[in-house]
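J.: This one is run_11.json, JSON, C-alpha atoms.
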[["chain", "number", "residue", "atom", "x", "y", "z"],
["A", 1, "ALA", "CA", 150.37, 131.38, 124.47],
["A", 2, "GLN", "CA", 147.81, 133.86, 123.35],
["A", 3, "SER", "CA", 145.30, 135.18, 125.85],
["A", 4, "VAL", "CA", 142.52, 137.73, 125.89],
["A", 5, "THR", "CA", 141.32, 139.66, 128.90],
["A", 6, "GLN", "CA", 137.98, 141.36, 129.17],
["A", 7, "PRO", "CA", 138.11, 142.89, 132.64],
["A", 8, "ASP", "CA", 134.44, 143.83, 132.88],
["A", 9, "ILE", "CA", 132.02, 140.95, 133.42],
["A", 10, "HIS", "CA", 128.95, 143.20, 133.39],
["A", 11, "ILE", "CA", 128.43, 146.76, 132.26],
["A", 12, "THR", "CA", 125.22, 148.78, 132.56],
["A", 13, "VAL", "CA", 124.75, 151.78, 130.30],
["A", 14, "SER", "CA", 121.82, 154.11, 129.94],
["A", 15, "GLU", "CA", 120.15, 154.16, 126.55],
["A", 16, "GLY", "CA", 121.67, 156.95, 124.48],
["A", 17, "ALA", "CA", 124.89, 157.02, 126.47],
["A", 18, "SER", "CA", 128.26, 156.10, 125.04],
["A", 19, "LEU", "CA", 129.84, 152.71, 125.50],
["A", 20, "GLU", "CA", 133.39, 151.40, 125.74],
["A", 21, "LEU", "CA", 134.16, 147.73, 126.30],
["A", 22, "ARG", "CA", 137.73, 146.88, 127.15],
["A", 23, "CYS", "CA", 139.86, 144.15, 125.64],
["A", 24, "ASN", "CA", 143.54, 143.43, 126.24],
["A", 25, "TYR", "CA", 145.46, 140.67, 124.56],
["A", 26, "SER", "CA", 148.73, 138.92, 125.10],
["A", 27, "TYR", "CA", 150.65, 137.88, 122.04],
["A", 28, "GLY", "CA", 154.17, 138.25, 120.74],
["A", 29, "ALA", "CA", 153.22, 139.87, 117.46],
["A", 30, "THR", "CA", 150.22, 141.74, 116.17],
["A", 31, "PRO", "CA", 147.42, 139.23, 115.99],
["A", 32, "TYR", "CA", 144.21, 139.37, 114.07],
["A", 33, "LEU", "CA", 141.61, 140.95, 116.37],
["A", 34, "PHE", "CA", 137.85, 140.57, 116.45],
["A", 35, "TRP", "CA", 134.75, 141.58, 118.33],
["A", 36, "TYR", "CA", 131.69, 139.34, 118.35],
["A", 37, "VAL", "CA", 128.22, 139.83, 119.80],
["A", 38, "GLN", "CA", 125.96, 137.10, 121.12],
["A", 39, "SER", "CA", 122.29, 137.60, 121.86],
["A", 40, "PRO", "CA", 120.66, 135.18, 124.32],
["A", 41, "GLY", "CA", 120.31, 131.69, 122.88],
["A", 42, "GLN", "CA", 121.98, 132.70, 119.65],
["A", 43, "GLY", "CA", 125.23, 132.11, 117.89],
["A", 44, "LEU", "CA", 127.95, 134.70, 117.48],
["A", 45, "GLN", "CA", 127.88, 137.56, 115.01],
["A", 46, "LEU", "CA", 131.00, 139.38, 113.90],
["A", 47, "LEU", "CA", 130.92, 143.10, 114.70],
["A", 48, "LEU", "CA", 134.30, 144.06, 113.31],
["A", 49, "LYS", "CA", 137.81, 142.81, 112.63],
["A", 50, "TYR", "CA", 141.33, 144.16, 112.50],
["A", 51, "PHE", "CA", 143.99, 142.61, 110.32],
["A", 52, "SER", "CA", 146.36, 145.48, 109.59],
["A", 53, "GLY", "CA", 146.46, 149.10, 108.49],
["A", 54, "ASP", "CA", 144.24, 151.82, 109.97],
["A", 55, "THR", "CA", 144.04, 151.25, 113.70],
["A", 56, "LEU", "CA", 140.46, 152.54, 113.94],
["A", 57, "VAL", "CA", 138.07, 150.05, 112.41],
["A", 58, "GLN", "CA", 134.41, 150.49, 111.75],
["A", 59, "GLY", "CA", 131.94, 147.67, 112.15],
["A", 60, "ILE", "CA", 128.29, 146.95, 111.88],
["A", 61, "LYS", "CA", 125.53, 148.45, 114.04],
["A", 62, "GLY", "CA", 127.51, 151.66, 114.62],
["A", 63, "PHE", "CA", 130.36, 150.01, 116.52],
["A", 64, "GLU", "CA", 134.03, 150.86, 116.16],
["A", 65, "ALA", "CA", 137.22, 149.64, 117.77],
["A", 66, "GLU", "CA", 140.69, 151.04, 118.09],
["A", 67, "PHE", "CA", 143.83, 148.94, 118.05],
["A", 68, "LYS", "CA", 146.55, 150.32, 120.31],
["A", 69, "ARG", "CA", 149.74, 148.34, 119.98],
["A", 70, "SER", "CA", 151.50, 150.06, 122.88],
["A", 71, "GLN", "CA", 148.69, 149.06, 125.24],
["A", 72, "SER", "CA", 147.91, 145.68, 123.65],
["A", 73, "SER", "CA", 144.31, 146.78, 123.58],
["A", 74, "PHE", "CA", 141.41, 146.61, 121.17],
["A", 75, "ASN", "CA", 138.54, 148.42, 122.88],
["A", 76, "LEU", "CA", 135.06, 148.49, 121.41],
["A", 77, "ARG", "CA", 133.10, 151.74, 121.34],
["A", 78, "LYS", "CA", 129.71, 153.02, 120.38],
["A", 79, "PRO", "CA", 128.69, 156.69, 120.70],
["A", 80, "SER", "CA", 125.02, 156.08, 121.55],
["A", 81, "VAL", "CA", 123.71, 152.78, 122.85],
["A", 82, "HIS", "CA", 120.31, 151.42, 121.90],
["A", 83, "TRP", "CA", 118.25, 148.99, 123.98],
["A", 84, "SER", "CA", 118.76, 146.38, 121.25],
["A", 85, "ASP", "CA", 122.51, 146.42, 121.95],
["A", 86, "ALA", "CA", 121.95, 144.50, 125.19],
["A", 87, "ALA", "CA", 123.88, 141.26, 124.65],
["A", 88, "GLU", "CA", 127.16, 139.60, 125.48],
["A", 89, "TYR", "CA", 130.27, 140.82, 123.72],
["A", 90, "PHE", "CA", 133.38, 138.79, 123.09],
["A", 91, "CYS", "CA", 136.81, 139.93, 122.05],
["A", 92, "ALA", "CA", 138.90, 137.35, 120.21],
["A", 93, "VAL", "CA", 142.36, 137.02, 118.73],
["A", 94, "GLY", "CA", 143.68, 134.76, 116.02],
["A", 95, "ARG", "CA", 147.25, 134.11, 115.04],
["A", 96, "THR", "CA", 146.67, 132.47, 111.71],
["A", 97, "GLY", "CA", 143.04, 133.13, 111.01],
["A", 98, "PHE", "CA", 139.50, 132.39, 112.02],
["A", 99, "GLN", "CA", 139.95, 128.68, 112.55],
["A", 100, "LYS", "CA", 141.86, 129.03, 115.82],
["A", 101, "LEU", "CA", 140.35, 131.89, 117.73],
["A", 102, "VAL", "CA", 141.10, 132.61, 121.38],
["A", 103, "PHE", "CA", 138.19, 134.31, 123.09],
["A", 104, "GLY", "CA", 137.93, 136.50, 126.13],
["A", 105, "THR", "CA", 135.45, 135.60, 128.85],
["A", 106, "GLY", "CA", 132.93, 138.12, 127.58],
["A", 107, "THR", "CA", 131.23, 141.28, 128.83],
["A", 108, "ARG", "CA", 127.49, 141.32, 129.34],
["A", 109, "LEU", "CA", 125.99, 144.67, 128.41],
["A", 110, "LEU", "CA", 122.80, 145.77, 130.09],
["A", 111, "VAL", "CA", 120.98, 148.84, 128.77],
["A", 112, "SER", "CA", 118.81, 150.79, 131.18],
["A", 113, "PRO", "CA", 115.96, 153.01, 130.00],
["B", 1, "ASN", "CA", 122.40, 129.60, 101.78],
["B", 2, "ALA", "CA", 121.68, 128.00, 105.14],
["B", 3, "GLY", "CA", 125.12, 128.97, 106.49],
["B", 4, "VAL", "CA", 126.30, 126.74, 109.34],
["B", 5, "THR", "CA", 123.76, 124.20, 110.54],
["B", 6, "GLN", "CA", 124.13, 122.34, 113.81],
["B", 7, "THR", "CA", 122.03, 119.42, 114.95],
["B", 8, "PRO", "CA", 120.60, 118.70, 117.41],
["B", 9, "LYS", "CA", 119.85, 121.97, 119.17],
["B", 10, "PHE", "CA", 119.37, 120.28, 122.54],
["B", 11, "GLN", "CA", 120.52, 116.94, 123.88],
["B", 12, "VAL", "CA", 120.52, 115.18, 127.23],
["B", 13, "LEU", "CA", 122.92, 112.28, 127.67],
["B", 14, "LYS", "CA", 123.64, 109.89, 130.47],
["B", 15, "THR", "CA", 127.19, 109.56, 131.71],
["B", 16, "GLY", "CA", 129.07, 107.09, 129.57],
["B", 17, "GLN", "CA", 126.87, 107.41, 126.51],
["B", 18, "SER", "CA", 128.34, 108.41, 123.17],
["B", 19, "MET", "CA", 126.92, 110.73, 120.59],
["B", 20, "THR", "CA", 127.79, 112.81, 117.55],
["B", 21, "LEU", "CA", 127.09, 116.51, 117.18],
["B", 22, "GLN", "CA", 126.55, 117.35, 113.55],
["B", 23, "CYS", "CA", 127.82, 120.44, 111.77],
["B", 24, "ALA", "CA", 127.31, 121.24, 108.10],
["B", 25, "GLN", "CA", 128.09, 124.34, 106.06],
["B", 26, "ASP", "CA", 127.07, 125.18, 102.51],
["B", 27, "MET", "CA", 129.53, 128.01, 101.83],
["B", 28, "ASN", "CA", 132.40, 125.85, 100.57],
["B", 29, "HIS", "CA", 134.61, 127.05, 103.41],
["B", 30, "GLU", "CA", 137.95, 125.34, 103.90],
["B", 31, "TYR", "CA", 138.16, 125.93, 107.64],
["B", 32, "MET", "CA", 135.84, 124.53, 110.28],
["B", 33, "SER", "CA", 136.11, 124.58, 114.06],
["B", 34, "TRP", "CA", 134.36, 123.37, 117.18],
["B", 35, "TYR", "CA", 134.15, 125.45, 120.35],
["B", 36, "ARG", "CA", 132.52, 124.92, 123.69],
["B", 37, "GLN", "CA", 131.06, 127.76, 125.71],
["B", 38, "ASP", "CA", 130.88, 127.58, 129.47],
["B", 39, "PRO", "CA", 129.68, 130.32, 131.84],
["B", 40, "GLY", "CA", 132.42, 132.79, 132.67],
["B", 41, "MET", "CA", 134.92, 131.12, 130.35],
["B", 42, "GLY", "CA", 134.07, 132.40, 126.91],
["B", 43, "LEU", "CA", 134.51, 130.01, 124.00],
["B", 44, "ARG", "CA", 137.32, 127.48, 123.94],
["B", 45, "LEU", "CA", 138.55, 125.67, 120.87],
["B", 46, "ILE", "CA", 138.10, 121.89, 120.88],
["B", 47, "HIS", "CA", 139.22, 120.80, 117.39],
["B", 48, "TYR", "CA", 139.61, 122.44, 114.04],
["B", 49, "SER", "CA", 140.13, 121.52, 110.40],
["B", 50, "VAL", "CA", 141.78, 123.39, 107.53],
["B", 51, "GLY", "CA", 140.42, 121.08, 104.86],
["B", 52, "ALA", "CA", 138.98, 117.68, 104.11],
["B", 53, "GLY", "CA", 141.11, 114.99, 105.71],
["B", 54, "ILE", "CA", 143.01, 117.46, 107.92],
["B", 55, "THR", "CA", 142.17, 117.99, 111.59],
["B", 56, "ASP", "CA", 144.05, 119.20, 114.63],
["B", 57, "GLN", "CA", 143.52, 119.68, 118.33],
["B", 58, "GLY", "CA", 142.59, 122.90, 120.00],
["B", 59, "GLU", "CA", 142.77, 123.95, 123.62],
["B", 60, "VAL", "CA", 140.39, 121.37, 125.12],
["B", 61, "PRO", "CA", 140.37, 118.24, 122.91],
["B", 62, "ASN", "CA", 140.18, 115.49, 125.54],
["B", 63, "GLY", "CA", 137.06, 113.35, 125.29],
["B", 64, "TYR", "CA", 136.24, 114.48, 121.76],
["B", 65, "ASN", "CA", 137.00, 113.13, 118.32],
["B", 66, "VAL", "CA", 136.54, 114.73, 114.91],
["B", 67, "SER", "CA", 136.94, 113.80, 111.29],
["B", 68, "ARG", "CA", 136.53, 115.75, 108.06],
["B", 69, "SER", "CA", 135.68, 113.49, 105.16],
["B", 70, "THR", "CA", 133.99, 116.23, 103.12],
["B", 71, "THR", "CA", 134.33, 119.99, 102.90],
["B", 72, "GLU", "CA", 130.75, 120.45, 104.09],
["B", 73, "ASP", "CA", 130.64, 118.33, 107.25],
["B", 74, "PHE", "CA", 132.60, 118.37, 110.49],
["B", 75, "PRO", "CA", 131.01, 116.11, 113.12],
["B", 76, "LEU", "CA", 132.12, 116.15, 116.75],
["B", 77, "ARG", "CA", 132.01, 112.83, 118.59],
["B", 78, "LEU", "CA", 131.76, 112.41, 122.33],
["B", 79, "LEU", "CA", 133.20, 108.99, 123.06],
["B", 80, "SER", "CA", 131.98, 108.53, 126.64],
["B", 81, "ALA", "CA", 130.06, 111.51, 127.93],
["B", 82, "ALA", "CA", 130.96, 113.00, 131.29],
["B", 83, "PRO", "CA", 129.16, 115.70, 133.32],
["B", 84, "SER", "CA", 132.14, 117.99, 132.67],
["B", 85, "GLN", "CA", 131.11, 118.00, 129.00],
["B", 86, "THR", "CA", 127.86, 119.75, 129.81],
["B", 87, "SER", "CA", 128.18, 122.87, 127.72],
["B", 88, "VAL", "CA", 126.98, 124.75, 124.68],
["B", 89, "TYR", "CA", 128.84, 123.69, 121.56],
["B", 90, "PHE", "CA", 129.38, 125.94, 118.57],
["B", 91, "CYS", "CA", 130.60, 125.04, 115.14],
["B", 92, "ALA", "CA", 132.17, 127.68, 112.91],
["B", 93, "SER", "CA", 133.37, 127.83, 109.34],
["B", 94, "SER", "CA", 135.54, 130.31, 107.48],
["B", 95, "ARG", "CA", 137.84, 130.93, 104.57],
["B", 96, "PRO", "CA", 141.53, 131.70, 105.01],
["B", 97, "ILE", "CA", 142.30, 135.29, 105.89],
["B", 98, "GLY", "CA", 143.26, 137.17, 102.78],
["B", 99, "GLN", "CA", 140.28, 136.04, 100.76],
["B", 100, "THR", "CA", 137.51, 138.49, 100.04],
["B", 101, "ASN", "CA", 135.13, 139.30, 102.88],
["B", 102, "THR", "CA", 136.43, 136.53, 105.04],
["B", 103, "GLU", "CA", 134.89, 136.01, 108.45],
["B", 104, "ALA", "CA", 133.90, 133.10, 110.67],
["B", 105, "PHE", "CA", 130.26, 132.05, 110.56],
["B", 106, "PHE", "CA", 128.88, 130.37, 113.65],
["B", 107, "GLY", "CA", 126.06, 127.91, 113.98],
["B", 108, "GLN", "CA", 123.25, 128.40, 116.48],
["B", 109, "GLY", "CA", 124.77, 126.01, 118.97],
["B", 110, "THR", "CA", 123.97, 122.67, 120.56],
["B", 111, "ARG", "CA", 123.11, 122.72, 124.25],
["B", 112, "LEU", "CA", 124.32, 119.44, 125.76],
["B", 113, "THR", "CA", 123.54, 118.25, 129.26],
["B", 114, "VAL", "CA", 125.22, 115.15, 130.67],
["B", 115, "VAL", "CA", 123.55, 113.68, 133.73]]
As structure tokens, how would this structure be written, given the file I've shared?
T.:
Amino acid sequence: AQSVTQPDIHITVSEGASLELRCNYSYGATPYLFWYVQSPGQGLQLLLKYFSGDTLVQGIKGFEAEFKRSQSSFNLRKPSVHWSDAAEYFCAVGRTGFQKLVFGTGTRLLVSP
Amino acid sequence: NAGVTQTPKFQVLKTGQSMTLQCAQDMNHEYMSWYRQDPGMGLRLIHYSVGAGITDQGEVPNGYNVSRSTTEDFPLRLLSAAPSQTSVYFCASSRPIGQTNTEAFFGQGTRLTVV
């Protein structure tokens, strides 16, 4: 069965500092990989997705993620965090597409001034 | 386009009551899914559909029914509400991967409390 691990429940980053959120997945083949962001009381917004090809993918809001097959990881990065990035971030995998996503438990990002 | 619309936004039920959470999308997406979100557990798939008339179970289907009579609508029915079904429910729609600019669009959620 597929599974996704986000080891960090909370992360606090100073505004302007760099950010890396960790995601590890368990799956027999290369799955489709996604990062979503959820602001309080809101739905989920797709930040970026990986299907195949270049292992470094660019997303919206200045985010990027790197797929590393050898480590079964898909970590999310941003070079300079803004206060508006404070939210909860979810990594997700899909075997056949978007209709059957498996989500990690999420990482809540706090941004300090 | 309204995207994915969920109603109601909030609901309080008594144990044993039944209700239907509505989900509608206006993007002509083939795929629709229901997830529940609980603290510390992320989102878990309840049921999904790959087209009108076709539904299947996800990870946590017990206590929920779905049907897909039209492309646009995918209601989620709670047959006999239990406190364990207190959660935030999200509906999502998408096209199959491989089509242009495909992604899953999520509704704003329905916060359900069962007392």
J.: Distance limit 7 Å, atoms considered: all atoms listed in the file. Which chain B residues sit that close to chain A? Return them as a list of chain:residue names.
T.: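 Close to chain A, chain B has B:Tyr31, B:Met32, B:Ser33, B:Gly40, B:Met41, B:Gly42, B:Leu43, B:Arg44, B:Leu45, B:Tyr48, B:Ser94, B:Pro96, B:Ile97, B:Glu103, B:Ala104, B:Phe106, B:Gly107, B:Gln108, B:Gly109.
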J.: Excluding segment 70-83 of chain B and residues on its chain fewer than 5 positions from it, collect all residues at most 12 Å away from it, counting all atoms listed in the file, and give them as a ChimeraX atom specification.
T.: /B:2-8,11-36,46-55,61-65,89-95,110,112-115
J.: Given the selection you just returned, output its residues as a file containing C-alpha atoms, formatted as a PDB file, keeping the file's coordinate frame.
T.:
ATOM      1  CA  ALA B   2     121.680 128.000 105.140  1.00  0.00           C
ATOM      2  CA  GLY B   3     125.120 128.970 106.490  1.00  0.00           C
ATOM      3  CA  VAL B   4     126.300 126.740 109.340  1.00  0.00           C
ATOM      4  CA  THR B   5     123.760 124.200 110.540  1.00  0.00           C
ATOM      5  CA  GLN B   6     124.130 122.340 113.810  1.00  0.00           C
ATOM      6  CA  THR B   7     122.030 119.420 114.950  1.00  0.00           C
ATOM      7  CA  PRO B   8     120.600 118.700 117.410  1.00  0.00           C
ATOM      8  CA  GLN B  11     120.520 116.940 123.880  1.00  0.00           C
ATOM      9  CA  VAL B  12     120.520 115.180 127.230  1.00  0.00           C
ATOM     10  CA  LEU B  13     122.920 112.280 127.670  1.00  0.00           C
ATOM     11  CA  LYS B  14     123.640 109.890 130.470  1.00  0.00           C
ATOM     12  CA  THR B  15     127.190 109.560 131.710  1.00  0.00           C
ATOM     13  CA  GLY B  16     129.070 107.090 129.570  1.00  0.00           C
ATOM     14  CA  GLN B  17     126.870 107.410 126.510  1.00  0.00           C
ATOM     15  CA  SER B  18     128.340 108.410 123.170  1.00  0.00           C
ATOM     16  CA  MET B  19     126.920 110.730 120.590  1.00  0.00           C
ATOM     17  CA  THR B  20     127.790 112.810 117.550  1.00  0.00           C
ATOM     18  CA  LEU B  21     127.090 116.510 117.180  1.00  0.00           C
ATOM     19  CA  GLN B  22     126.550 117.350 113.550  1.00  0.00           C
ATOM     20  CA  CYS B  23     127.820 120.440 111.770  1.00  0.00           C
ATOM     21  CA  ALA B  24     127.310 121.240 108.100  1.00  0.00           C
ATOM     22  CA  GLN B  25     128.090 124.340 106.060  1.00  0.00           C
ATOM     23  CA  ASP B  26     127.070 125.180 102.510  1.00  0.00           C
ATOM     24  CA  MET B  27     129.530 128.010 101.830  1.00  0.00           C
ATOM     25  CA  ASN B  28     132.400 125.850 100.570  1.00  0.00           C
ATOM     26  CA  HIS B  29     134.610 127.050 103.410  1.00  0.00           C
ATOM     27  CA  GLU B  30     137.950 125.340 103.900  1.00  0.00           C
ATOM     28  CA  TYR B  31     138.160 125.930 107.640  1.00  0.00           C
ATOM     29  CA  MET B  32     135.840 124.530 110.280  1.00  0.00           C
ATOM     30  CA  SER B  33     136.110 124.580 114.060  1.00  0.00           C
ATOM     31  CA  TRP B  34     134.360 123.370 117.180  1.00  0.00           C
ATOM     32  CA  TYR B  35     134.150 125.450 120.350  1.00  0.00           C
ATOM     33  CA  ARG B  36     132.520 124.920 123.690  1.00  0.00           C
ATOM     34  CA  ILE B  46     138.100 121.890 120.880  1.00  0.00           C
ATOM     35  CA  HIS B  47     139.220 120.800 117.390  1.00  0.00           C
ATOM     36  CA  TYR B  48     139.610 122.440 114.040  1.00  0.00           C
ATOM     37  CA  SER B  49     140.130 121.520 110.400  1.00  0.00           C
ATOM     38  CA  VAL B  50     141.780 123.390 107.530  1.00  0.00           C
ATOM     39  CA  GLY B  51     140.420 121.080 104.860  1.00  0.00           C
ATOM     40  CA  ALA B  52     138.980 117.680 104.110  1.00  0.00           C
ATOM     41  CA  GLY B  53     141.110 114.990 105.710  1.00  0.00           C
ATOM     42  CA  ILE B  54     143.010 117.460 107.920  1.00  0.00           C
ATOM     43  CA  THR B  55     142.170 117.990 111.590  1.00  0.00           C
ATOM     44  CA  PRO B  61     140.370 118.240 122.910  1.00  0.00           C
ATOM     45  CA  ASN B  62     140.180 115.490 125.540  1.00  0.00           C
ATOM     46  CA  GLY B  63     137.060 113.350 125.290  1.00  0.00           C
ATOM     47  CA  TYR B  64     136.240 114.480 121.760  1.00  0.00           C
ATOM     48  CA  ASN B  65     137.000 113.130 118.320  1.00  0.00           C
ATOM     49  CA  TYR B  89     128.840 123.690 121.560  1.00  0.00           C
ATOM     50  CA  PHE B  90     129.380 125.940 118.570  1.00  0.00           C
ATOM     51  CA  CYS B  91     130.600 125.040 115.140  1.00  0.00           C
ATOM     52  CA  ALA B  92     132.170 127.680 112.910  1.00  0.00           C
ATOM     53  CA  SER B  93     133.370 127.830 109.340  1.00  0.00           C
ATOM     54  CA  SER B  94     135.540 130.310 107.480  1.00  0.00           C
ATOM     55  CA  ARG B  95     137.840 130.930 104.570  1.00  0.00           C
ATOM     56  CA  THR B 110     123.970 122.670 120.560  1.00  0.00           C
ATOM     57  CA  LEU B 112     124.320 119.440 125.760  1.00  0.00           C
ATOM     58  CA  THR B 113     123.540 118.250 129.260  1.00  0.00           C
ATOM     59  CA  VAL B 114     125.220 115.150 130.670  1.00  0.00           C
ATOM     60  CA  VAL B 115     123.550 113.680 133.730  1.00  0.00           C
TER      61      VAL B 115
END
J.: Env of Asp54 of chain A: 12 Å cut, atoms = all atoms listed in the file, seq-sep filter 4 positions within chain, self excluded. Answer as a short mmCIF file (atom, residue, chain, number, x, y, z; two decimals) with C-alpha atoms, in the frame of the given file.
T.:
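part_19.cif, written as the output of this step:
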data_model
loop_
_atom_site.label_atom_id
_atom_site.label_comp_id
_atom_site.auth_asym_id
_atom_site.auth_seq_id
_atom_site.Cartn_x
_atom_site.Cartn_y
_atom_site.Cartn_z
CA LYS A 49 137.81 142.81 112.63
CA TYR A 50 141.33 144.16 112.50
CA GLN A 58 134.41 150.49 111.75
CA GLU A 64 134.03 150.86 116.16
CA ALA A 65 137.22 149.64 117.77
CA GLU A 66 140.69 151.04 118.09
CA PHE A 67 143.83 148.94 118.05
CA LYS A 68 146.55 150.32 120.31
CA ARG A 69 149.74 148.34 119.98
#
J.: Hey, what's within 10 Å of Arg77 of chain A if we count only C-alpha atoms and toss same-chain stuff fewer than 2 positions away? As number ranges by chain, please?
T.: A: 18-22, 58, 62-66, 74-75, 79-81
J.: Would you compute the distance between atom CA of Val57 of chain A and atom CA of Glu88 of chain A? Give it in Å to one decimal.
T.: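 About the pair atom CA of Val57 of chain A and atom CA of Glu88 of chain A: they are 20.0 Å apart.
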